[in-house]
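Novice: My structure file target-v3.cif, mmCIF, C-alpha atoms, is below:
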data_model
loop_
_atom_site.group_PDB
_atom_site.id
_atom_site.type_symbol
_atom_site.label_atom_id
_atom_site.label_comp_id
_atom_site.auth_asym_id
_atom_site.auth_seq_id
_atom_site.Cartn_x
_atom_site.Cartn_y
_atom_site.Cartn_z
ATOM 1 C CA MET A 22 359.515 -263.217 28.947
ATOM 2 C CA ALA A 23 357.570 -260.068 28.478
ATOM 3 C CA GLU A 24 354.395 -259.544 30.457
ATOM 4 C CA GLU A 25 351.222 -259.347 28.468
ATOM 5 C CA LYS A 26 348.916 -256.514 29.344
ATOM 6 C CA THR A 27 345.366 -257.618 29.417
ATOM 7 C CA SER A 28 342.266 -255.578 29.723
ATOM 8 C CA PRO A 29 340.280 -255.814 32.956
ATOM 9 C CA ALA A 30 338.120 -258.862 33.182
ATOM 10 C CA VAL A 31 334.804 -258.163 31.565
ATOM 11 C CA LYS A 32 331.983 -259.653 33.544
ATOM 12 C CA ASP A 33 329.214 -261.369 31.716
ATOM 13 C CA VAL A 34 326.414 -258.908 32.331
ATOM 14 C CA LYS A 35 322.932 -260.234 31.828
ATOM 15 C CA SER A 36 320.015 -257.938 31.451
ATOM 16 C CA GLU A 37 318.420 -258.374 34.828
ATOM 17 C CA LEU A 38 315.218 -256.579 35.745
ATOM 18 C CA VAL A 39 315.157 -254.409 38.811
ATOM 19 C CA PHE A 40 311.908 -255.918 40.066
ATOM 20 C CA THR A 41 310.913 -259.551 40.131
ATOM 21 C CA LYS A 42 307.598 -261.034 39.151
ATOM 22 C CA LYS A 43 306.589 -261.060 42.824
ATOM 23 C CA ASN A 44 307.234 -257.308 43.087
ATOM 24 C CA TYR A 45 304.946 -256.618 40.147
ATOM 25 C CA GLN A 46 302.224 -258.825 41.614
ATOM 26 C CA LEU A 47 302.439 -256.992 44.932
ATOM 27 C CA LEU A 48 302.289 -253.648 43.125
ATOM 28 C CA LEU A 49 299.127 -254.709 41.302
ATOM 29 C CA ILE A 50 297.579 -255.768 44.608
ATOM 30 C CA SER A 51 298.447 -252.399 46.137
ATOM 31 C CA ILE A 52 296.850 -250.572 43.188
ATOM 32 C CA ALA A 53 293.716 -252.659 43.687
ATOM 33 C CA ILE A 54 293.647 -251.776 47.415
ATOM 34 C CA VAL A 55 293.931 -248.061 46.607
ATOM 35 C CA ALA A 56 291.147 -248.387 44.016
ATOM 36 C CA VAL A 57 288.892 -250.071 46.580
ATOM 37 C CA GLY A 58 289.607 -247.225 48.989
ATOM 38 C CA PHE A 59 288.579 -244.641 46.418
ATOM 39 C CA ILE A 60 285.429 -246.593 45.593
ATOM 40 C CA LEU A 61 284.596 -246.648 49.301
ATOM 41 C CA MET A 62 285.184 -242.910 49.404
ATOM 42 C CA MET A 63 282.705 -242.370 46.581
ATOM 43 C CA GLY A 64 279.857 -243.927 48.514
ATOM 44 C CA THR A 65 276.240 -244.235 47.494
ATOM 45 C CA THR A 66 274.429 -242.573 50.367
ATOM 46 C CA GLY A 67 273.812 -238.869 50.730
ATOM 47 C CA ASP A 68 275.451 -238.584 54.156
ATOM 48 C CA ILE A 69 278.851 -236.983 53.589
ATOM 49 C CA TYR A 70 279.993 -237.509 57.196
ATOM 50 C CA ASP A 71 279.496 -241.249 57.130
ATOM 51 C CA PHE A 72 282.029 -243.506 58.921
ATOM 52 C CA ARG A 73 282.905 -245.220 55.668
ATOM 53 C CA ARG A 74 283.744 -241.993 53.840
ATOM 54 C CA THR A 75 285.548 -240.144 56.607
ATOM 55 C CA LEU A 76 287.543 -242.878 58.328
ATOM 56 C CA LEU A 77 287.437 -246.264 56.633
ATOM 57 C CA ALA A 78 288.188 -245.204 53.044
ATOM 58 C CA PRO A 79 291.207 -242.983 53.848
ATOM 59 C CA VAL A 80 292.695 -245.722 56.037
ATOM 60 C CA VAL A 81 292.270 -248.245 53.214
ATOM 61 C CA VAL A 82 293.915 -245.857 50.724
ATOM 62 C CA LEU A 83 296.864 -245.206 53.050
ATOM 63 C CA ALA A 84 297.214 -248.945 53.648
ATOM 64 C CA GLY A 85 297.325 -249.454 49.875
ATOM 65 C CA PHE A 86 300.070 -246.855 49.506
ATOM 66 C CA ALA A 87 302.039 -248.397 52.378
ATOM 67 C CA PHE A 88 301.683 -251.820 50.772
ATOM 68 C CA GLY A 89 302.941 -250.317 47.503
ATOM 69 C CA ILE A 90 306.043 -248.988 49.227
ATOM 70 C CA TYR A 91 306.611 -252.419 50.741
ATOM 71 C CA ALA A 92 306.201 -253.992 47.278
ATOM 72 C CA ILE A 93 308.851 -251.672 45.843
ATOM 73 C CA LEU A 94 311.351 -252.150 48.666
ATOM 74 C CA LYS A 95 310.946 -255.940 48.945
ATOM 75 C CA LYS A 96 314.071 -257.644 47.751
#
Before we go any further, please render this structure as C-alpha cells.
Specialist:
Amino acid sequence: MAEEKTSPAVKDVKSELVFTKKNYQLLLISIAIVAVGFILMMGTTGDIYDFRRTLLAPVVVLAGFAFGIYAILKK
C-alpha cells in the first residue's frame, strides 16, 4: 500500500483574548487610583508645599501605575 501524505494537523484555534475580564477590571481600578492621585495633587488650598500635594499624591499615582503593571502581568 502506498502511504498517504497528509497535511500537518490543523489545531482548532479559537479567538481567545489576551486579557481576561479580571484583567480589565484591575486596569479600570488602577486608572481610578491614578485619577484620585491627580485629584489629590490638584488640591484646594493655596499652600503649594502641602503634605498632600508633595508626598501623598505622587505616592498614590505611583501606586496606581504599579497596580496597572500588576493588572497587565497577572495571568
Novice: What is the CA of Val57 (chain A) to CA of Val39 (chain A) distance in Å?
Specialist: 27.7 Å
Novice: Do a neighbour search on Met62 (chain A) at 7 Å with all atoms listed in the file, toss out local chain neighbours closer than 4 positions, and write the hits as a short mmCIF file (atom, residue, chain, number, x, y, z; two decimals) with C-alpha atoms, keeping the file's coordinate frame.
Specialist:
data_model
loop_
_atom_site.label_atom_id
_atom_site.label_comp_id
_atom_site.auth_asym_id
_atom_site.auth_seq_id
_atom_site.Cartn_x
_atom_site.Cartn_y
_atom_site.Cartn_z
CA GLY A 58 289.61 -247.22 48.99
CA ARG A 74 283.74 -241.99 53.84
CA ALA A 78 288.19 -245.20 53.04
#
Novice: One decimal, in Å: what's the spacing between CA of Leu61 (chain A) and CA of Pro79 (chain A)?
Specialist: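 A separation of 8.8 Å between them.
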Novice: Starting from the shown file, work through the PyMOL selection byres ((chain A and resi 88) around 10) and note down what comes out as a list in words.
Specialist: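 This file gives the following for the PyMOL selection byres ((chain A and resi 88) around 10): Leu47, Leu48, Ile50, Ser51, Ile52, Ile54, Val55, Val82, Leu83, Ala84, Gly85, Phe86, Ala87, Gly89, Ile90, Tyr91, Ala92, Ile93 and Leu94 of chain A.
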Novice: Any idea what the distance is between CA of Lys95 (chain A) and CA of Leu76 (chain A)?
Specialist: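 We find that CA of Lys95 (chain A) and CA of Leu76 (chain A) lie 28.4 Å from each other.
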Novice: Extract region 56-71 of chain A from the structure I just pasted (atoms: all heavy atoms) and return it as a compact mmCIF listing (two decimals), in the first residue's frame.
Specialist:
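What follows is the written file decode.txt:
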# COMPACT_ATOMS: atom_id res chain seq x y z
N ALA A 56 -6.29 58.52 38.84
CA ALA A 56 -7.14 59.71 38.79
C ALA A 56 -7.29 60.34 40.17
O ALA A 56 -7.23 61.57 40.31
CB ALA A 56 -8.50 59.37 38.20
N VAL A 57 -7.46 59.51 41.19
CA VAL A 57 -7.55 60.02 42.56
C VAL A 57 -6.25 60.71 42.95
O VAL A 57 -6.26 61.78 43.59
CB VAL A 57 -7.91 58.89 43.55
CG1 VAL A 57 -7.69 59.31 44.99
CG2 VAL A 57 -9.34 58.44 43.34
N GLY A 58 -5.13 60.15 42.55
CA GLY A 58 -3.85 60.78 42.85
C GLY A 58 -3.72 62.14 42.20
O GLY A 58 -3.23 63.10 42.82
N PHE A 59 -4.17 62.27 40.96
CA PHE A 59 -4.10 63.57 40.30
C PHE A 59 -5.07 64.57 40.92
O PHE A 59 -4.78 65.77 41.00
CB PHE A 59 -4.35 63.44 38.80
CG PHE A 59 -3.13 63.00 38.04
CD1 PHE A 59 -3.08 61.78 37.42
CD2 PHE A 59 -2.02 63.83 37.96
CE1 PHE A 59 -1.97 61.37 36.72
CE2 PHE A 59 -0.89 63.44 37.27
CZ PHE A 59 -0.86 62.21 36.64
N ILE A 60 -6.22 64.10 41.36
CA ILE A 60 -7.16 64.99 42.04
C ILE A 60 -6.56 65.47 43.35
O ILE A 60 -6.69 66.64 43.71
CB ILE A 60 -8.52 64.28 42.25
CG1 ILE A 60 -9.22 64.10 40.90
CG2 ILE A 60 -9.40 65.05 43.22
CD1 ILE A 60 -10.44 63.21 40.94
N LEU A 61 -5.89 64.58 44.07
CA LEU A 61 -5.21 64.98 45.30
C LEU A 61 -4.10 66.00 45.00
O LEU A 61 -3.85 66.90 45.79
CB LEU A 61 -4.61 63.77 46.01
CG LEU A 61 -5.56 62.85 46.74
CD1 LEU A 61 -4.81 61.62 47.25
CD2 LEU A 61 -6.23 63.57 47.89
N MET A 62 -3.46 65.85 43.88
CA MET A 62 -2.39 66.76 43.51
C MET A 62 -2.92 68.15 43.17
O MET A 62 -2.22 69.15 43.34
CB MET A 62 -1.61 66.19 42.32
CG MET A 62 -0.16 66.56 42.31
SD MET A 62 0.73 65.79 40.97
CE MET A 62 0.71 64.07 41.41
N MET A 63 -4.15 68.20 42.67
CA MET A 63 -4.75 69.49 42.35
C MET A 63 -4.92 70.34 43.61
O MET A 63 -4.51 71.49 43.64
CB MET A 63 -6.12 69.27 41.71
CG MET A 63 -6.20 69.71 40.31
SD MET A 63 -7.80 69.43 39.53
CE MET A 63 -8.94 68.96 40.75
N GLY A 64 -5.51 69.77 44.61
CA GLY A 64 -5.70 70.45 45.88
C GLY A 64 -6.67 71.61 45.79
O GLY A 64 -7.07 72.05 44.72
N THR A 65 -7.04 72.11 46.95
CA THR A 65 -7.95 73.26 47.00
C THR A 65 -7.36 74.41 47.79
O THR A 65 -7.84 75.52 47.69
CB THR A 65 -9.29 72.84 47.65
OG1 THR A 65 -9.02 72.29 48.94
CG2 THR A 65 -10.01 71.82 46.80
N THR A 66 -6.34 74.12 48.57
CA THR A 66 -5.74 75.19 49.38
C THR A 66 -4.66 75.91 48.58
O THR A 66 -4.20 75.44 47.55
CB THR A 66 -5.12 74.60 50.66
OG1 THR A 66 -4.09 73.69 50.30
CG2 THR A 66 -6.16 73.88 51.50
N GLY A 67 -4.24 77.05 49.09
CA GLY A 67 -3.24 77.84 48.40
C GLY A 67 -1.82 77.40 48.69
O GLY A 67 -0.90 77.81 48.00
N ASP A 68 -1.62 76.57 49.71
CA ASP A 68 -0.27 76.16 50.09
C ASP A 68 0.25 75.11 49.10
O ASP A 68 -0.25 74.00 49.04
CB ASP A 68 -0.28 75.58 51.51
CG ASP A 68 1.11 75.32 52.03
OD1 ASP A 68 2.08 75.86 51.44
OD2 ASP A 68 1.23 74.58 53.02
N ILE A 69 1.26 75.48 48.33
CA ILE A 69 1.78 74.57 47.31
C ILE A 69 2.67 73.49 47.91
O ILE A 69 2.86 72.43 47.32
CB ILE A 69 2.52 75.36 46.22
CG1 ILE A 69 2.67 74.49 44.99
CG2 ILE A 69 3.85 75.86 46.70
CD1 ILE A 69 2.93 75.23 43.73
N TYR A 70 3.23 73.73 49.08
CA TYR A 70 4.12 72.76 49.72
C TYR A 70 3.41 71.96 50.79
O TYR A 70 3.98 71.58 51.80
CB TYR A 70 5.35 73.47 50.30
CG TYR A 70 6.16 74.16 49.24
CD1 TYR A 70 6.20 75.54 49.17
CD2 TYR A 70 6.85 73.42 48.30
CE1 TYR A 70 6.93 76.18 48.19
CE2 TYR A 70 7.58 74.04 47.31
CZ TYR A 70 7.61 75.42 47.25
OH TYR A 70 8.33 76.03 46.27
N ASP A 71 2.16 71.67 50.57
CA ASP A 71 1.35 70.90 51.49
C ASP A 71 1.76 69.42 51.41
O ASP A 71 2.23 68.94 50.38
CB ASP A 71 -0.12 71.05 51.11
CG ASP A 71 -1.07 70.51 52.15
OD1 ASP A 71 -0.63 70.34 53.30
OD2 ASP A 71 -2.25 70.28 51.81
